[in-house]
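Asker: Following this line is coords_6.csv, made up of CSV, C-alpha atoms:
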```
chain,number,residue,atom,x,y,z
A,1,MET,CA,122.4,-121.1,31.9
A,2,LEU,CA,122.9,-122.4,35.4
A,3,PHE,CA,120.3,-124.7,36.7
A,4,ARG,CA,119.5,-122.8,39.9
A,5,SER,CA,119.3,-119.2,41.0
A,6,ILE,CA,118.8,-117.5,44.4
A,7,SER,CA,116.3,-114.7,45.1
A,8,PRO,CA,117.6,-111.3,46.2
A,9,THR,CA,117.0,-111.9,50.0
A,10,GLY,CA,117.9,-115.6,49.8
A,11,ALA,CA,114.4,-116.7,50.7
A,12,TYR,CA,113.8,-118.7,47.5
A,13,ILE,CA,115.6,-120.9,45.0
A,14,ALA,CA,114.4,-121.1,41.4
A,15,GLU,CA,115.5,-124.2,39.5
A,16,SER,CA,115.3,-125.6,36.1
A,17,VAL,CA,113.8,-129.2,36.1
A,18,SER,CA,113.6,-131.7,33.3
A,19,ILE,CA,110.3,-133.6,32.9
A,20,PRO,CA,108.9,-135.9,30.2
A,21,ASP,CA,106.9,-134.1,27.5
A,22,GLN,CA,103.9,-135.5,25.7
A,23,ASP,CA,106.1,-137.5,23.3
A,24,GLY,CA,108.3,-139.0,26.0
A,25,ARG,CA,111.2,-136.6,25.5
A,26,THR,CA,112.3,-134.2,28.1
A,27,LYS,CA,111.5,-130.5,28.5
A,28,ARG,CA,112.5,-127.9,31.0
A,29,VAL,CA,110.1,-126.4,33.5
A,30,LEU,CA,110.7,-124.0,36.4
A,31,ALA,CA,110.3,-124.9,40.0
A,32,ILE,CA,110.6,-122.5,43.0
A,33,ARG,CA,111.4,-123.7,46.5
A,34,ASP,CA,111.4,-122.1,49.9
A,35,ARG,CA,115.1,-122.2,50.7
A,36,LEU,CA,114.7,-123.1,54.4
A,37,THR,CA,112.0,-125.8,54.1
A,38,GLY,CA,112.8,-127.1,50.6
A,39,LYS,CA,109.1,-127.1,49.8
A,40,ILE,CA,108.0,-126.1,46.3
A,41,THR,CA,106.1,-122.8,46.4
A,42,GLY,CA,105.4,-122.4,42.7
A,43,HIS,CA,106.1,-123.8,39.3
A,44,PHE,CA,106.0,-122.7,35.7
A,45,ASN,CA,105.4,-125.0,32.7
A,46,LEU,CA,105.0,-123.7,29.2
A,47,ALA,CA,102.5,-125.6,26.9
A,48,GLY,CA,103.5,-128.2,24.4
A,49,LYS,CA,107.1,-128.5,23.5
A,50,THR,CA,108.1,-125.0,24.6
A,51,ASP,CA,110.8,-125.0,27.3
A,52,VAL,CA,112.0,-122.7,30.0
A,53,GLU,CA,115.2,-121.6,28.3
A,54,ASP,CA,116.5,-119.2,31.0
A,55,PHE,CA,115.2,-117.3,34.0
A,56,TRP,CA,116.1,-114.3,36.3
A,57,TRP,CA,114.9,-113.1,39.7
A,58,VAL,CA,113.9,-109.4,39.3
A,59,ASN,CA,112.8,-109.0,42.9
A,60,ASP,CA,112.3,-111.4,45.8
A,61,HIS,CA,108.9,-112.5,44.6
A,62,ARG,CA,109.0,-112.3,40.8
A,63,VAL,CA,110.9,-114.3,38.2
A,64,LEU,CA,111.1,-113.6,34.5
A,65,ILE,CA,111.4,-116.5,32.1
A,66,SER,CA,112.8,-116.8,28.6
A,67,ALA,CA,110.9,-119.4,26.4
A,68,GLY,CA,112.8,-121.7,24.1
A,69,GLU,CA,112.2,-124.4,21.6
A,70,LYS,CA,114.4,-127.2,20.3
A,71,SER,CA,115.1,-127.5,16.6
A,72,GLY,CA,116.5,-130.5,14.7
A,73,LEU,CA,119.1,-132.3,16.7
A,74,LEU,CA,119.9,-129.4,19.0
A,75,GLU,CA,119.8,-130.5,22.7
A,76,LYS,CA,119.6,-126.9,24.1
A,77,PRO,CA,116.4,-125.0,23.4
A,78,GLN,CA,116.8,-121.8,21.4
A,79,PRO,CA,115.1,-118.6,22.6
A,80,THR,CA,111.9,-117.7,20.9
A,81,GLY,CA,112.0,-114.1,21.9
A,82,GLU,CA,109.2,-114.5,24.4
A,83,ILE,CA,109.5,-113.4,28.0
A,84,TYR,CA,107.0,-114.6,30.7
A,85,ALA,CA,106.7,-113.9,34.4
A,86,THR,CA,105.6,-115.7,37.5
A,87,ASN,CA,105.5,-114.9,41.2
A,88,ALA,CA,107.4,-117.1,43.7
A,89,ASP,CA,104.1,-118.6,44.9
A,90,GLY,CA,103.1,-119.5,41.3
A,91,SER,CA,100.5,-116.7,41.0
A,92,ASP,CA,100.2,-113.9,38.4
A,93,GLN,CA,101.7,-115.9,35.5
A,94,GLY,CA,101.6,-114.6,32.0
A,95,ILE,CA,103.5,-113.4,28.9
A,96,LEU,CA,105.1,-109.9,29.0
A,97,ILE,CA,106.4,-109.8,25.5
A,98,GLY,CA,106.6,-112.0,22.4
A,99,TYR,CA,104.6,-113.1,19.4
A,100,ARG,CA,102.1,-115.1,21.5
A,101,ALA,CA,101.3,-112.1,23.6
A,102,THR,CA,98.5,-111.1,21.2
A,103,THR,CA,96.4,-113.9,22.6
A,104,GLN,CA,96.7,-112.9,26.2
A,105,GLN,CA,94.5,-110.7,28.2
A,106,ASN,CA,94.9,-106.9,28.3
A,107,GLY,CA,97.8,-105.8,30.5
A,108,THR,CA,100.0,-108.7,29.6
A,109,HIS,CA,101.1,-107.6,26.1
A,110,ILE,CA,102.8,-104.6,24.5
A,111,THR,CA,100.6,-102.2,22.6
A,112,VAL,CA,101.5,-99.2,20.5
A,113,GLY,CA,98.4,-97.1,19.8
A,114,LYS,CA,95.6,-99.5,18.8
A,115,ARG,CA,98.0,-102.1,17.2
A,116,THR,CA,99.8,-105.0,18.9
A,117,GLU,CA,103.4,-105.1,17.9
A,118,ALA,CA,105.0,-108.5,17.0
A,119,ASN,CA,108.0,-108.1,19.2
A,120,GLY,CA,110.7,-110.4,20.3
A,121,ALA,CA,113.0,-109.7,23.2
A,122,THR,CA,116.1,-110.9,25.2
A,123,MET,CA,117.2,-109.9,28.6
A,124,VAL,CA,120.0,-107.2,28.9
A,125,ASP,CA,120.0,-106.2,32.6
A,126,ASP,CA,117.8,-107.3,35.5
A,127,LEU,CA,118.4,-103.9,37.3
A,128,PRO,CA,119.1,-105.2,40.8
A,129,ASP,CA,118.3,-101.7,42.3
A,130,ASP,CA,114.9,-101.5,40.6
A,131,ASP,CA,112.3,-104.1,41.7
A,132,GLY,CA,109.8,-103.1,39.1
A,133,HIS,CA,111.7,-103.0,35.8
A,134,VAL,CA,114.4,-104.7,33.6
A,135,ILE,CA,116.2,-103.7,30.5
A,136,ILE,CA,115.5,-105.8,27.4
A,137,ALA,CA,116.6,-105.8,23.8
A,138,VAL,CA,113.6,-105.7,21.5
A,139,TRP,CA,113.4,-106.5,17.9
A,140,PRO,CA,110.2,-105.4,16.0
A,141,HIS,CA,108.9,-107.1,12.9
A,142,ASP,CA,107.1,-105.3,10.1
A,143,GLU,CA,104.1,-106.8,8.3
A,144,GLY,CA,106.4,-108.6,5.9
A,145,GLY,CA,108.2,-110.3,8.7
A,146,ASN,CA,111.4,-108.3,8.3
A,147,SER,CA,113.5,-107.4,11.3
A,148,GLY,CA,114.2,-103.8,12.0
A,149,PHE,CA,116.9,-102.1,14.1
A,150,GLU,CA,116.8,-103.4,17.7
A,151,LYS,CA,115.9,-101.1,20.6
A,152,ALA,CA,116.7,-101.3,24.3
A,153,ALA,CA,113.6,-100.8,26.5
A,154,ARG,CA,112.7,-100.6,30.2
A,155,LEU,CA,110.1,-103.3,30.7
A,156,ASP,CA,107.6,-103.2,33.6
A,157,VAL,CA,107.8,-106.7,35.1
A,158,ASN,CA,104.2,-106.7,36.2
A,159,SER,CA,102.2,-105.0,33.4
A,160,GLY,CA,104.5,-105.7,30.4
A,161,GLN,CA,104.5,-102.0,29.4
A,162,MET,CA,107.8,-100.7,28.1
A,163,ASN,CA,109.6,-97.5,27.4
A,164,ILE,CA,112.4,-97.2,24.7
A,165,VAL,CA,115.7,-96.1,26.2
A,166,ALA,CA,118.1,-96.6,23.2
A,167,SER,CA,118.0,-97.4,19.5
A,168,ALA,CA,120.7,-99.5,18.0
A,169,PRO,CA,123.0,-98.0,15.3
A,170,VAL,CA,123.4,-101.4,13.7
A,171,ARG,CA,121.1,-104.3,12.8
A,172,ASP,CA,120.9,-107.6,14.8
A,173,ALA,CA,122.2,-105.7,17.8
A,174,GLY,CA,122.8,-106.7,21.4
A,175,PHE,CA,123.3,-104.2,24.2
A,176,VAL,CA,125.5,-103.9,27.3
A,177,THR,CA,124.7,-101.7,30.3
A,178,ASP,CA,126.9,-100.0,32.8
A,179,LEU,CA,126.6,-100.5,36.6
A,180,LYS,CA,123.8,-98.0,36.7
A,181,GLY,CA,121.7,-99.9,34.2
A,182,GLU,CA,122.3,-97.4,31.4
A,183,VAL,CA,122.9,-98.7,27.9
A,184,ARG,CA,126.5,-98.0,26.9
A,185,PHE,CA,127.4,-100.5,24.2
A,186,ALA,CA,125.8,-102.0,21.1
A,187,ILE,CA,127.1,-104.8,18.9
A,188,GLY,CA,125.7,-106.2,15.8
A,189,SER,CA,126.1,-106.5,12.0
A,190,ASN,CA,124.4,-105.2,8.9
A,191,GLN,CA,124.0,-106.9,5.6
A,192,ASP,CA,127.7,-107.2,5.1
A,193,ASN,CA,127.8,-109.6,8.1
A,194,GLU,CA,130.8,-107.8,9.6
A,195,THR,CA,130.5,-107.2,13.3
A,196,LYS,CA,130.4,-103.6,14.5
A,197,THR,CA,130.8,-102.4,18.1
A,198,TYR,CA,129.5,-99.1,19.2
A,199,TYR,CA,130.0,-97.1,22.4
A,200,ARG,CA,128.4,-94.0,23.9
A,201,ASP,CA,129.5,-91.9,26.9
A,202,ASP,CA,126.0,-91.6,28.4
A,203,VAL,CA,122.3,-91.8,27.5
A,204,LYS,CA,122.4,-88.3,25.9
A,205,SER,CA,125.4,-89.0,23.8
A,206,SER,CA,125.5,-90.2,20.2
A,207,TRP,CA,126.8,-93.7,19.3
A,208,VAL,CA,130.5,-93.8,18.3
A,209,LEU,CA,131.9,-96.7,16.2
A,210,LEU,CA,134.5,-98.4,18.4
A,211,ASN,CA,135.4,-101.3,16.1
A,212,ASP,CA,134.5,-102.4,12.6
A,213,GLU,CA,135.5,-106.0,11.8
A,214,ALA,CA,135.7,-105.2,8.1
A,215,VAL,CA,138.5,-102.7,8.9
A,216,SER,CA,140.3,-104.1,11.9
A,217,GLN,CA,139.8,-107.8,11.2
A,218,VAL,CA,138.9,-108.4,14.8
A,219,ILE,CA,135.7,-108.7,16.7
A,220,LEU,CA,135.2,-106.8,20.0
A,221,THR,CA,132.5,-108.1,22.3
A,222,PRO,CA,131.6,-106.0,25.3
A,223,LEU,CA,131.3,-108.0,28.6
A,224,GLY,CA,130.5,-105.3,31.2
A,225,PHE,CA,132.1,-102.7,33.5
A,226,GLY,CA,134.6,-103.1,36.3
A,227,ALA,CA,134.0,-102.1,39.9
A,228,ASP,CA,135.4,-98.6,39.3
A,229,GLY,CA,132.4,-97.8,36.9
A,230,HIS,CA,134.5,-96.4,34.1
A,231,THR,CA,136.6,-99.4,32.9
A,232,ALA,CA,134.8,-101.6,30.4
A,233,TYR,CA,136.0,-105.1,29.6
A,234,LEU,CA,135.7,-106.6,26.1
A,235,ARG,CA,136.7,-109.8,24.5
A,236,ARG,CA,138.8,-109.5,21.3
A,237,GLN,CA,138.6,-112.3,18.8
A,238,ASP,CA,141.6,-112.0,16.5
A,239,THR,CA,141.8,-113.2,12.9
A,240,GLY,CA,143.2,-116.8,12.8
A,241,ASP,CA,143.5,-119.5,15.4
A,242,GLY,CA,144.2,-119.0,19.1
A,243,PRO,CA,142.2,-118.0,22.2
A,244,ASP,CA,140.5,-114.6,22.5
A,245,THR,CA,142.1,-111.7,24.5
A,246,LEU,CA,140.5,-109.8,27.4
A,247,VAL,CA,140.9,-106.0,26.9
A,248,ALA,CA,140.1,-103.1,29.1
A,249,TYR,CA,138.6,-99.9,27.6
A,250,ASP,CA,139.0,-96.7,29.7
A,251,THR,CA,135.8,-94.8,29.0
A,252,THR,CA,137.4,-91.6,30.5
A,253,SER,CA,140.5,-91.5,28.4
A,254,HIS,CA,139.1,-93.6,25.6
A,255,THR,CA,142.2,-95.8,25.5
A,256,MET,CA,142.3,-99.6,25.3
A,257,LYS,CA,144.9,-102.2,26.5
A,258,ASP,CA,145.3,-105.9,26.7
A,259,VAL,CA,144.7,-107.4,30.1
A,260,LEU,CA,144.6,-111.2,29.9
A,261,ARG,CA,145.2,-113.9,27.4
A,262,ASP,CA,145.4,-117.6,28.1
A,263,PRO,CA,147.5,-120.0,25.8
A,264,VAL,CA,144.7,-122.4,25.3
A,265,ALA,CA,141.3,-121.1,26.5
A,266,ASP,CA,139.0,-118.2,25.8
A,267,PRO,CA,138.1,-115.9,28.7
A,268,VAL,CA,134.6,-116.0,30.2
A,269,ALA,CA,133.6,-113.0,32.3
A,270,VAL,CA,133.2,-113.6,36.1
A,271,TYR,CA,130.8,-111.1,37.7
A,272,GLY,CA,130.6,-109.8,41.3
A,273,PRO,CA,127.5,-109.2,43.4
A,274,HIS,CA,126.7,-105.9,41.6
A,275,HIS,CA,127.2,-107.1,38.1
A,276,GLU,CA,130.7,-105.8,38.0
A,277,VAL,CA,133.3,-107.8,36.0
A,278,ILE,CA,135.8,-109.0,38.6
A,279,GLY,CA,137.9,-111.5,36.5
A,280,VAL,CA,137.6,-114.3,34.0
A,281,ARG,CA,137.1,-118.0,33.9
A,282,TYR,CA,139.0,-120.4,31.6
A,283,GLU,CA,137.2,-123.6,30.7
A,284,ASP,CA,140.4,-125.7,30.3
A,285,ALA,CA,140.8,-129.3,31.3
A,286,LYS,CA,140.3,-128.1,34.9
A,287,PRO,CA,138.4,-124.8,34.8
A,288,ARG,CA,140.1,-122.0,36.6
A,289,VAL,CA,139.5,-118.4,37.6
A,290,VAL,CA,141.8,-115.4,37.3
A,291,PHE,CA,140.8,-112.3,39.4
A,292,PHE,CA,141.8,-108.7,38.8
A,293,ASN,CA,142.3,-108.2,42.5
A,294,GLU,CA,143.4,-111.3,44.4
A,295,GLN,CA,143.4,-109.4,47.7
A,296,GLY,CA,139.7,-108.5,47.8
A,297,ASP,CA,137.5,-110.1,50.5
A,298,LEU,CA,135.4,-112.0,47.9
A,299,GLU,CA,138.3,-113.2,46.0
A,300,LYS,CA,140.1,-114.5,49.1
A,301,SER,CA,137.0,-116.2,50.2
A,302,PHE,CA,136.7,-117.9,46.8
A,303,ARG,CA,140.2,-119.1,47.0
A,304,ALA,CA,139.5,-120.6,50.4
A,305,LEU,CA,136.5,-122.4,48.9
A,306,GLU,CA,138.6,-123.8,46.1
A,307,ALA,CA,141.0,-125.2,48.7
A,308,SER,CA,138.0,-126.8,50.5
A,309,PHE,CA,136.8,-128.4,47.2
A,310,ALA,CA,140.3,-129.3,45.9
A,311,ASP,CA,139.2,-131.9,43.5
A,312,GLN,CA,136.3,-129.8,42.0
A,313,ALA,CA,135.7,-126.7,40.0
A,314,VAL,CA,134.0,-123.9,41.9
A,315,VAL,CA,131.6,-121.4,40.2
A,316,LEU,CA,130.1,-118.2,41.5
A,317,ALA,CA,126.5,-118.9,40.5
A,318,GLY,CA,124.8,-115.7,42.0
A,319,PHE,CA,124.5,-113.5,45.0
A,320,THR,CA,121.8,-112.2,47.3
A,321,GLY,CA,120.9,-108.6,46.8
A,322,ASP,CA,123.1,-107.3,49.7
A,323,GLY,CA,126.1,-109.2,48.4
A,324,LYS,CA,126.6,-111.0,51.7
A,325,ARG,CA,125.8,-114.5,50.5
A,326,ALA,CA,126.8,-116.3,47.3
A,327,LEU,CA,125.3,-119.3,45.5
A,328,ILE,CA,128.1,-121.6,44.8
A,329,PHE,CA,128.1,-124.5,42.3
A,330,THR,CA,130.8,-127.2,42.5
A,331,TYR,CA,131.4,-130.0,40.0
A,332,SER,CA,134.0,-132.4,38.8
A,333,ASP,CA,134.7,-135.1,36.2
A,334,ARG,CA,132.9,-137.5,38.5
A,335,SER,CA,130.2,-135.3,40.0
A,336,PRO,CA,127.4,-133.5,38.1
A,337,GLY,CA,127.5,-130.8,40.8
A,338,ASP,CA,126.3,-129.5,44.1
A,339,TYR,CA,124.9,-126.1,45.2
A,340,TYR,CA,125.9,-124.4,48.4
A,341,LEU,CA,124.9,-121.1,50.0
A,342,PHE,CA,128.1,-119.4,51.1
A,343,ASP,CA,128.0,-116.7,53.8
A,344,LEU,CA,130.8,-114.3,53.0
A,345,GLU,CA,130.9,-112.9,56.6
A,346,SER,CA,130.9,-116.2,58.6
A,347,LYS,CA,132.8,-118.0,55.8
A,348,LYS,CA,130.5,-121.0,56.1
A,349,ALA,CA,129.0,-123.0,53.2
A,350,VAL,CA,125.7,-124.8,53.6
A,351,HIS,CA,124.7,-127.5,51.2
A,352,LEU,CA,121.4,-126.8,49.4
A,353,MET,CA,120.9,-129.5,46.8
A,354,SER,CA,122.6,-131.7,44.3
A,355,HIS,CA,122.4,-131.6,40.5
A,356,ARG,CA,121.3,-135.0,39.1
A,357,ASP,CA,121.4,-136.5,42.6
A,358,TRP,CA,120.7,-140.0,41.3
A,359,ILE,CA,124.3,-140.2,40.1
A,360,ASP,CA,126.8,-141.5,42.6
A,361,PRO,CA,130.2,-139.8,42.1
A,362,ASP,CA,132.0,-142.7,43.8
A,363,ARG,CA,130.9,-145.0,41.0
A,364,MET,CA,131.9,-142.7,38.1
A,365,GLY,CA,135.1,-143.1,36.2
A,366,VAL,CA,137.9,-140.6,36.3
A,367,GLN,CA,138.4,-138.5,33.2
A,368,HIS,CA,141.9,-137.5,32.0
A,369,ALA,CA,142.9,-134.6,29.8
A,370,VAL,CA,144.6,-135.3,26.6
A,371,ASP,CA,146.7,-132.7,24.7
A,372,ARG,CA,146.8,-133.2,20.9
A,373,LYS,CA,149.2,-131.4,18.7
A,374,SER,CA,147.9,-130.3,15.3
A,375,VAL,CA,149.7,-131.6,12.3
```
Translate the structure described by the file into structure tokens.
Answerer:
Amino acid sequence: MLFRSISPTGAYIAESVSIPDQDGRTKRVLAIRDRLTGKITGHFNLAGKTDVEDFWWVNDHRVLISAGEKSGLLEKPQPTGEIYATNADGSDQGILIGYRATTQQNGTHITVGKRTEANGATMVDDLPDDDGHVIIAVWPHDEGGNSGFEKAARLDVNSGQMNIVASAPVRDAGFVTDLKGEVRFAIGSNQDNETKTYYRDDVKSSWVLLNDEAVSQVILTPLGFGADGHTAYLRRQDTGDGPDTLVAYDTTSHTMKDVLRDPVADPVAVYGPHHEVIGVRYEDAKPRVVFFNEQGDLEKSFRALEASFADQAVVLAGFTGDGKRALIFTYSDRSPGDYYLFDLESKKAVHLMSHRDWIDPDRMGVQHAVDRKSV
């Protein structure tokens, strides 16, 4: 997760903040600031050792939060399957879905008939064109604690009520939507522990098996759709050593082709202002981005930013709803990072805040990449 996110109109910044917990260790909480004044307008802190694991703006006044807990020696909290919500001013806080929802007041948990379901959920799509709903992946548990087949649901971000929009054809599934927010891919594995990737043409179509690891000896992980709306991008993990390959799947002709493969690093999808895949990022010694269209306005602006921050890596950390402003994160081997708001029309970047601002980059040592040949 990134540590900060901008609201759709750019009025607020939500940020993950580390504070001491009751045992003197650190835990993550959420703070929301007015972007212009810098003043905190609201905060969200889960009880005990439960952390804010991730968060998403769903409209300009409401944030959804994924809860997480640390286990063993893990530094990063692992999702518990609970999703909470808060307004930007700190009001109307509560759990929308999760095993602790049964203890909440009416209207903040999911009910089926007269029985409360023990559901867990993860975010799939925050539906930027729908201020009142998101798409989540939901896994129900029966009375014996066994997980069933996951479902995709449209969740009301205020009431917590949900409507099922898709059922997975495989267990332990995750879903990927298209640019309209419709569920088009499902990936998971059954008891054979072999990954299976499914695709469907639209919400009325049946699932079709696109790849079975047991047969192909590769794993195909869907990442999202390109700007044309019909080209889907997937990451192919081949058997043996070596980086993964980015492939394009034409959902009109149902053909697939290799697009990009780096000699040393796996591809990480880079998304544009409307959730479209616009390129990939390689986390090499110095992270770098490869765009599909280097002549686009956004892409050329990004290259200009890279030139301005020549000694740092530049990350597109988010966009305002109109796509006219981007939240930029820059960092280097000496700097923990800084956040800027970049106006794509005026081409001006305004510094917002620093990450771990108590660290002075000028006093940090320079890191050097080392290549090691295997023997």
Asker: Show me, as an mmCIF file with C-alpha atoms, in the frame of the given file, the residues that have an atom within 8 Å of His61 of chain A when counting all atoms listed in the file, minus same-chain residues fewer than 4 positions from it.
Answerer:
```cif
data_model
loop_
_atom_site.group_PDB
_atom_site.id
_atom_site.type_symbol
_atom_site.label_atom_id
_atom_site.label_comp_id
_atom_site.auth_asym_id
_atom_site.auth_seq_id
_atom_site.Cartn_x
_atom_site.Cartn_y
_atom_site.Cartn_z
ATOM 1 C CA SER A 7 116.300 -114.700 45.100
ATOM 2 C CA TRP A 57 114.900 -113.100 39.700
ATOM 3 C CA ASN A 87 105.500 -114.900 41.200
ATOM 4 C CA ALA A 88 107.400 -117.100 43.700
ATOM 5 C CA ASP A 89 104.100 -118.600 44.900
#
```
Asker: Can you tell me, as JSON, numbers by chain, what residues are no more than 9 Å from segment 180-197 of chain A when counting only C-alpha atoms, ignoring any on the same chain fewer than 2 positions away?
Answerer: {"A": [125, 126, 127, 128, 129, 134, 135, 152, 165, 166, 168, 169, 170, 171, 172, 173, 174, 175, 176, 177, 178, 199, 200, 201, 202, 203, 207, 208, 209, 210, 211, 212, 213, 214, 218, 219, 220, 221, 222, 229]}
Asker: List the spatial neighbours of Gly68 of chain A as an NGL selection string - criterion: any atom at most 8 Å away, only C-alpha atoms, same-chain residues fewer than 3 positions off excluded.
Answerer: :A and (50-53 or 77-81)
Asker: Generate the output file for the selected residues, C-alpha atoms, as a PDB file, in the frame of the given file.
Answerer:
```pdb
ATOM      1  CA  THR A  50     108.100-125.000  24.600  1.00  0.00           C
ATOM      2  CA  ASP A  51     110.800-125.000  27.300  1.00  0.00           C
ATOM      3  CA  VAL A  52     112.000-122.700  30.000  1.00  0.00           C
ATOM      4  CA  GLU A  53     115.200-121.600  28.300  1.00  0.00           C
ATOM      5  CA  PRO A  77     116.400-125.000  23.400  1.00  0.00           C
ATOM      6  CA  GLN A  78     116.800-121.800  21.400  1.00  0.00           C
ATOM      7  CA  PRO A  79     115.100-118.600  22.600  1.00  0.00           C
ATOM      8  CA  THR A  80     111.900-117.700  20.900  1.00  0.00           C
ATOM      9  CA  GLY A  81     112.000-114.100  21.900  1.00  0.00           C
TER      10      GLY A  81
END
```
Asker: Per residue of segment 18-131 of chain A within 12 Å of segment 344-351 of chain A, which atom pair is closest and at what distance in Å (one decimal), using all atoms listed in the file, listed by chain and increasing number, as a tab-separated table?
Answerer:
```
residue	atom	partner	partner_atom	distance
A:Arg35	CA	A:His351	CA	11.0
A:Leu36	CA	A:Val350	CA	11.2
A:Gly38	CA	A:His351	CA	11.9
```
Asker: Between A:Val17, A:Leu352, A:Ala232, A:Ala310, which is the closest to Asp250 of chain A once you count all atoms listed in the file?
Answerer: A:Ala232
Asker: For the atom pair atom CA of Tyr340 of chain A and atom CA of Leu327 of chain A, what is the interatomic distance in Å to one decimal place?
Answerer: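 Interatomic distance here is 5.9 Å.
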Asker: Distance atom CA of Phe3 of chain A-atom CA of Thr86 of chain A, one decimal place?
Answerer: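 The value is 17.3 Å.
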Asker: Need to verify the contact set: segment 260-268 of chain A, 7 Å, only C-alpha atoms, exclusion of same-chain residues closer than 4 positions in sequence. Can you return it as a list of chain:residue names?
Answerer: A:Pro243, A:Asp244, A:Thr245, A:Leu246, A:Val280, A:Arg281, A:Tyr282, A:Glu283, A:Asp284
Asker: Pick out the residues sitting within 6 Å of His355 of chain A, and hand them over as a list in words; count all atoms listed in the file, and ignore anything fewer than 4 positions along from it in its own chain.
Answerer: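 Contacts, in chain order: Pro336, Gly337 and Asp338 of chain A.
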Asker: Keeping only C-alpha atoms, take the residues you just selected and write them out as an mmCIF file, keeping the file's coordinate frame.
Answerer:
```cif
data_model
loop_
_atom_site.group_PDB
_atom_site.id
_atom_site.type_symbol
_atom_site.label_atom_id
_atom_site.label_comp_id
_atom_site.auth_asym_id
_atom_site.auth_seq_id
_atom_site.Cartn_x
_atom_site.Cartn_y
_atom_site.Cartn_z
ATOM 1 C CA PRO A 336 127.400 -133.500 38.100
ATOM 2 C CA GLY A 337 127.500 -130.800 40.800
ATOM 3 C CA ASP A 338 126.300 -129.500 44.100
#
```
